[in-house]
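Data first, discussion second: the structure below is written as structure tokens.
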Amino acid sequence: MTFHSGFACFVGRPNAGKSTLTNALVGQKVAITSGRPQTTRHTVRGIVHRPDAQLILVDTPGLHRPRTLLGERLNALVKDTLTEVDVVGFCLPADQRVGPGDRFIAEQMSELARDGRGTPVVAVVTKADLVGKGKLAEHLMAVQALGEWADIVPVSATSGYNVDVLENVLVGHLPEGTPLYAEGELTDEPEAVMVAELVREAALEGVRDELPHSLAVVVDEIVARDEPAANGVPMLDVRVHLFVERDSQKAIIIGKGGARLRDVGSQARRGIEALLGARVYLDLHVKVAKDWQRDPKQLGKLGF
Ligand SMILES: Nc1nc2c(ncn2[C@@H]2O[C@H](COP(=O)(O)OP(=O)(O)OP(=O)(O)O)[C@@H](O)[C@H]2O)c(=O)[nH]1
């Protein structure tokens, strides 16, 4: 039996369902999903282990038109990722018409296919559960007309429809090779990045303005307390900074009398405790870093 191993990544406009699909394929929550767009800032890998193959999924921050320096950096990151993978899954949600954002990405994909390694691009029609058969067929035809695809696969990450088919298609594009990760390994994302994502997700919850583009989360430290662990469960101090661009945004995050920040803290803490298997004392600080999205120095400091 020949073994295949390699990398795949999903691209698609914000909210296309990339993170949810990664989770469905890997079978465990590794990438952080959110109802709000553009929450995935960091590359998160999930690994599908099979007897005949190992598929390493790289979850990209989404490809979109650069508006600010941050956008340009994200796109550079996405392009770097794209040239390193063996197959790309281009996610197009079935419940939304093919729009200018999709066409922009489709153009980038044709470029990728032309120069570089000729990386195959699989069109993945996501959220198939949200539309009827007729509308799905229409959407598939619109997607077919959008570019040259190695395959077109409709899936639903939430119902599980065709997730196995997509897995086979992606694996089919991987080169022969040995396993790249030890069995059982699900993600190599550093814990601090996942902690930051949990805080970011909690902080964005229920906020209806443009905060997603203005919020950066940095984990300063995760340290174990010296005191003996209660019932063998260790106690960790987790110190986190939330950076916003304006005082008004700071006020939104903190809420009246600090009420909102306390809610953010307790929600994030539950997730972090589950992730790290420890009791956590979570210390959140909100700071204003003016125009951090446009300032290369600030971006560097914030890890972009
Ligand atoms: N009904 C349905 N909803 C889905 C499906 N996949 C994702 N969603 C929802 O769509 C929203 C966006 O999903 P994500 O996986 O966070 O999307 P994403 O492409 O990773 O988004 P960004 O991180 O913003 O780029 C979430 O509310 C998901 O619950 C699906 O198969 N069916």
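As shown in the structure tokens, the chain order sets the letters A, B, ...; within each chain, residues go from 1, and ligands are also counted from 1 in the order they appear.
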Can you list, as a count of residues only, every protein, DNA or RNA residue that comes within 10 Å of range 91-96 of chain A when you count only C-alpha atoms, leaving out same-chain residues fewer than 4 positions away? 34
Do a neighbour search on Ser110 in chain A at 12 Å with only C-alpha atoms, toss out local chain neighbours closer than 2 positions, and write the hits as a PyMOL selection string. chain A and resi 88+90+103-108+112-122+146-150
Restricting it to C-alpha atoms, dump the selection as a JSON list (two decimals), in the first residue's frame.
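Final output, saved to result_11.json:
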[["chain", "number", "residue", "atom", "x", "y", "z"],
["A", 88, "VAL", "CA", -6.19, 24.28, -2.29],
["A", 90, "PHE", "CA", -11.73, 27.25, -2.51],
["A", 103, "ARG", "CA", -14.28, 36.47, -8.44],
["A", 104, "PHE", "CA", -11.29, 38.26, -6.90],
["A", 105, "ILE", "CA", -10.20, 35.02, -5.22],
["A", 106, "ALA", "CA", -10.90, 33.02, -8.40],
["A", 107, "GLU", "CA", -8.50, 35.33, -10.29],
["A", 108, "GLN", "CA", -5.82, 34.75, -7.65],
["A", 112, "LEU", "CA", -1.60, 30.34, -8.80],
["A", 113, "ALA", "CA", -2.39, 27.60, -11.29],
["A", 114, "ARG", "CA", -0.50, 29.41, -14.08],
["A", 115, "ASP", "CA", 2.74, 30.34, -12.36],
["A", 116, "GLY", "CA", 4.17, 28.48, -9.41],
["A", 117, "ARG", "CA", 3.72, 24.73, -9.14],
["A", 118, "GLY", "CA", 0.34, 24.47, -10.83],
["A", 119, "THR", "CA", -1.30, 23.69, -7.51],
["A", 120, "PRO", "CA", -4.70, 22.03, -8.06],
["A", 121, "VAL", "CA", -7.68, 23.99, -6.76],
["A", 122, "VAL", "CA", -10.81, 22.14, -5.63],
["A", 146, "LEU", "CA", -16.00, 30.83, -12.38],
["A", 147, "GLY", "CA", -12.72, 29.07, -13.23],
["A", 148, "GLU", "CA", -10.79, 25.88, -13.87],
["A", 149, "TRP", "CA", -11.22, 23.50, -10.95],
["A", 150, "ALA", "CA", -9.64, 20.13, -10.33]]
Between A:Gly89, A:Gly271, A:Pro179, A:Pro234, single out the one closest to ligand 1, counting only C-alpha atoms and all ligand atoms. A:Gly89
DSSP strand (DSSP E) residues within range 130-289 of chain A, as JSON, numbers by chain: {"A": [151, 152, 153, 154, 216, 217, 218, 219, 220, 221, 222, 223, 224, 235, 236, 237, 238, 239, 240, 241, 242, 243, 244, 279, 280, 281, 282, 283, 284, 285, 286, 287, 288]}
Now that the selection is made, can you save its residues with C-alpha atoms as a PDB file, in the first residue's frame?
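Saved to again.pdb:
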ATOM      1  CA  ASP A 151     -12.964  19.060  -8.791  1.00  0.00           C
ATOM      2  CA  ILE A 152     -16.177  20.607  -7.493  1.00  0.00           C
ATOM      3  CA  VAL A 153     -17.538  19.144  -4.244  1.00  0.00           C
ATOM      4  CA  PRO A 154     -20.674  20.284  -2.394  1.00  0.00           C
ATOM      5  CA  ALA A 216      -5.672  42.303  18.396  1.00  0.00           C
ATOM      6  CA  VAL A 217      -5.080  39.894  21.259  1.00  0.00           C
ATOM      7  CA  VAL A 218      -1.649  39.090  22.639  1.00  0.00           C
ATOM      8  CA  VAL A 219      -0.936  36.506  25.339  1.00  0.00           C
ATOM      9  CA  ASP A 220       1.833  37.927  27.548  1.00  0.00           C
ATOM     10  CA  GLU A 221       2.413  34.865  29.673  1.00  0.00           C
ATOM     11  CA  ILE A 222       1.030  31.544  30.835  1.00  0.00           C
ATOM     12  CA  VAL A 223       2.658  30.581  34.145  1.00  0.00           C
ATOM     13  CA  ALA A 224       1.956  27.800  36.618  1.00  0.00           C
ATOM     14  CA  MET A 235      -3.495  26.417  38.480  1.00  0.00           C
ATOM     15  CA  LEU A 236      -2.273  28.738  35.752  1.00  0.00           C
ATOM     16  CA  ASP A 237      -1.981  32.512  35.577  1.00  0.00           C
ATOM     17  CA  VAL A 238      -2.795  33.684  32.072  1.00  0.00           C
ATOM     18  CA  ARG A 239      -2.095  37.335  31.284  1.00  0.00           C
ATOM     19  CA  VAL A 240      -3.559  38.751  28.091  1.00  0.00           C
ATOM     20  CA  HIS A 241      -3.565  42.158  26.374  1.00  0.00           C
ATOM     21  CA  LEU A 242      -6.391  43.269  24.103  1.00  0.00           C
ATOM     22  CA  PHE A 243      -5.387  46.081  21.756  1.00  0.00           C
ATOM     23  CA  VAL A 244      -7.962  48.374  20.161  1.00  0.00           C
ATOM     24  CA  ARG A 279      -7.743  25.880  36.400  1.00  0.00           C
ATOM     25  CA  VAL A 280      -7.032  29.339  35.039  1.00  0.00           C
ATOM     26  CA  TYR A 281      -6.796  32.775  36.551  1.00  0.00           C
ATOM     27  CA  LEU A 282      -7.327  35.007  33.522  1.00  0.00           C
ATOM     28  CA  ASP A 283      -6.055  38.566  33.672  1.00  0.00           C
ATOM     29  CA  LEU A 284      -7.311  40.769  30.823  1.00  0.00           C
ATOM     30  CA  HIS A 285      -5.930  44.234  30.022  1.00  0.00           C
ATOM     31  CA  VAL A 286      -7.424  46.486  27.357  1.00  0.00           C
ATOM     32  CA  LYS A 287      -5.095  49.017  25.731  1.00  0.00           C
ATOM     33  CA  VAL A 288      -5.446  51.579  22.974  1.00  0.00           C
TER      34      VAL A 288
END
For each of A:Leu170, A:Val48, A:Ala203, A:Val58, take the minimum atom-to-atom distance to ligand 1, counting only C-alpha atoms and all ligand atoms, then give the residue where this is smallest. A:Val58
Close residues, Val171 in chain A itself excluded, 10 Å, only C-alpha atoms, min 3 positions apart in chain, as a list in words: His4, Ser5, Gly6, Phe7, Ala8, Val48, Arg50, Asp52, Ala53, Gln54, Leu55, Ile56, Asp86, Val87, Val165, Leu166, Glu167, Asn168, Leu174 and Pro175 of chain A
Take the residues just selected and output them with N, CA and C atoms as a compact mmCIF listing (two decimals), in the first residue's frame.
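Just written: result-v1.txt:
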# COMPACT_ATOMS: atom_id res chain seq x y z
N HIS A 4 0.23 8.39 1.22
CA HIS A 4 0.28 9.76 0.70
C HIS A 4 0.23 10.75 1.86
N SER A 5 1.01 11.80 1.74
CA SER A 5 0.98 12.82 2.79
C SER A 5 1.24 14.19 2.19
N GLY A 6 0.64 15.18 2.79
CA GLY A 6 0.86 16.53 2.29
C GLY A 6 -0.10 17.54 2.89
N PHE A 7 -0.07 18.73 2.28
CA PHE A 7 -0.77 19.87 2.87
C PHE A 7 -1.91 20.36 1.98
N ALA A 8 -2.98 20.77 2.67
CA ALA A 8 -4.10 21.40 1.97
C ALA A 8 -4.48 22.66 2.73
N VAL A 48 -5.54 15.16 9.52
CA VAL A 48 -6.39 13.99 9.33
C VAL A 48 -5.48 12.77 9.20
N ARG A 50 -5.10 8.87 8.47
CA ARG A 50 -5.76 7.69 7.88
C ARG A 50 -4.70 6.60 7.72
N ASP A 52 -3.94 5.12 5.12
CA ASP A 52 -3.25 5.26 3.84
C ASP A 52 -2.74 6.67 3.57
N ALA A 53 -3.03 7.60 4.48
CA ALA A 53 -2.68 8.99 4.16
C ALA A 53 -2.66 9.88 5.40
N GLN A 54 -1.95 10.98 5.24
CA GLN A 54 -1.98 12.01 6.27
C GLN A 54 -2.19 13.35 5.56
N LEU A 55 -3.31 13.97 5.93
CA LEU A 55 -3.70 15.24 5.30
C LEU A 55 -3.56 16.35 6.34
N ILE A 56 -2.68 17.29 6.06
CA ILE A 56 -2.45 18.38 7.01
C ILE A 56 -3.15 19.63 6.49
N ASP A 86 -0.16 21.37 -1.28
CA ASP A 86 -0.30 20.46 -2.41
C ASP A 86 -1.64 20.61 -3.11
N VAL A 87 -2.63 21.09 -2.35
CA VAL A 87 -3.96 21.28 -2.93
C VAL A 87 -4.66 22.40 -2.16
N VAL A 165 -16.27 12.49 1.11
CA VAL A 165 -15.94 12.61 -0.31
C VAL A 165 -14.86 13.67 -0.50
N LEU A 166 -15.04 14.81 0.17
CA LEU A 166 -14.05 15.88 0.07
C LEU A 166 -12.69 15.41 0.58
N GLU A 167 -12.72 14.66 1.69
CA GLU A 167 -11.46 14.14 2.24
C GLU A 167 -10.75 13.27 1.20
N ASN A 168 -11.50 12.39 0.53
CA ASN A 168 -10.90 11.54 -0.50
C ASN A 168 -10.34 12.35 -1.65
N LEU A 174 -2.58 14.49 -2.96
CA LEU A 174 -1.34 14.52 -2.17
C LEU A 174 -0.28 13.63 -2.80
N PRO A 175 0.97 14.03 -2.70
CA PRO A 175 2.04 13.19 -3.24
C PRO A 175 2.31 11.98 -2.35
DSSP on the backbone, then: every residue of range 101-279 of chain A marked alpha helix (DSSP H), written as a PyMOL selection string. chain A and resi 101-114+133-146+163-172+191-204+247-254+259-276
Please measure the separation of CA of Ser248 in chain A and CA of Glu201 in chain A, giving the value in Å to one decimal.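 So the answer is 19.4 Å.
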Nearest candidate to ligand 1 (options A:Gly257, A:Gly177, A:Gly277, A:Gly160; using only C-alpha atoms and all ligand atoms):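 Of all the options, A:Gly160 lies closest to ligand 1.
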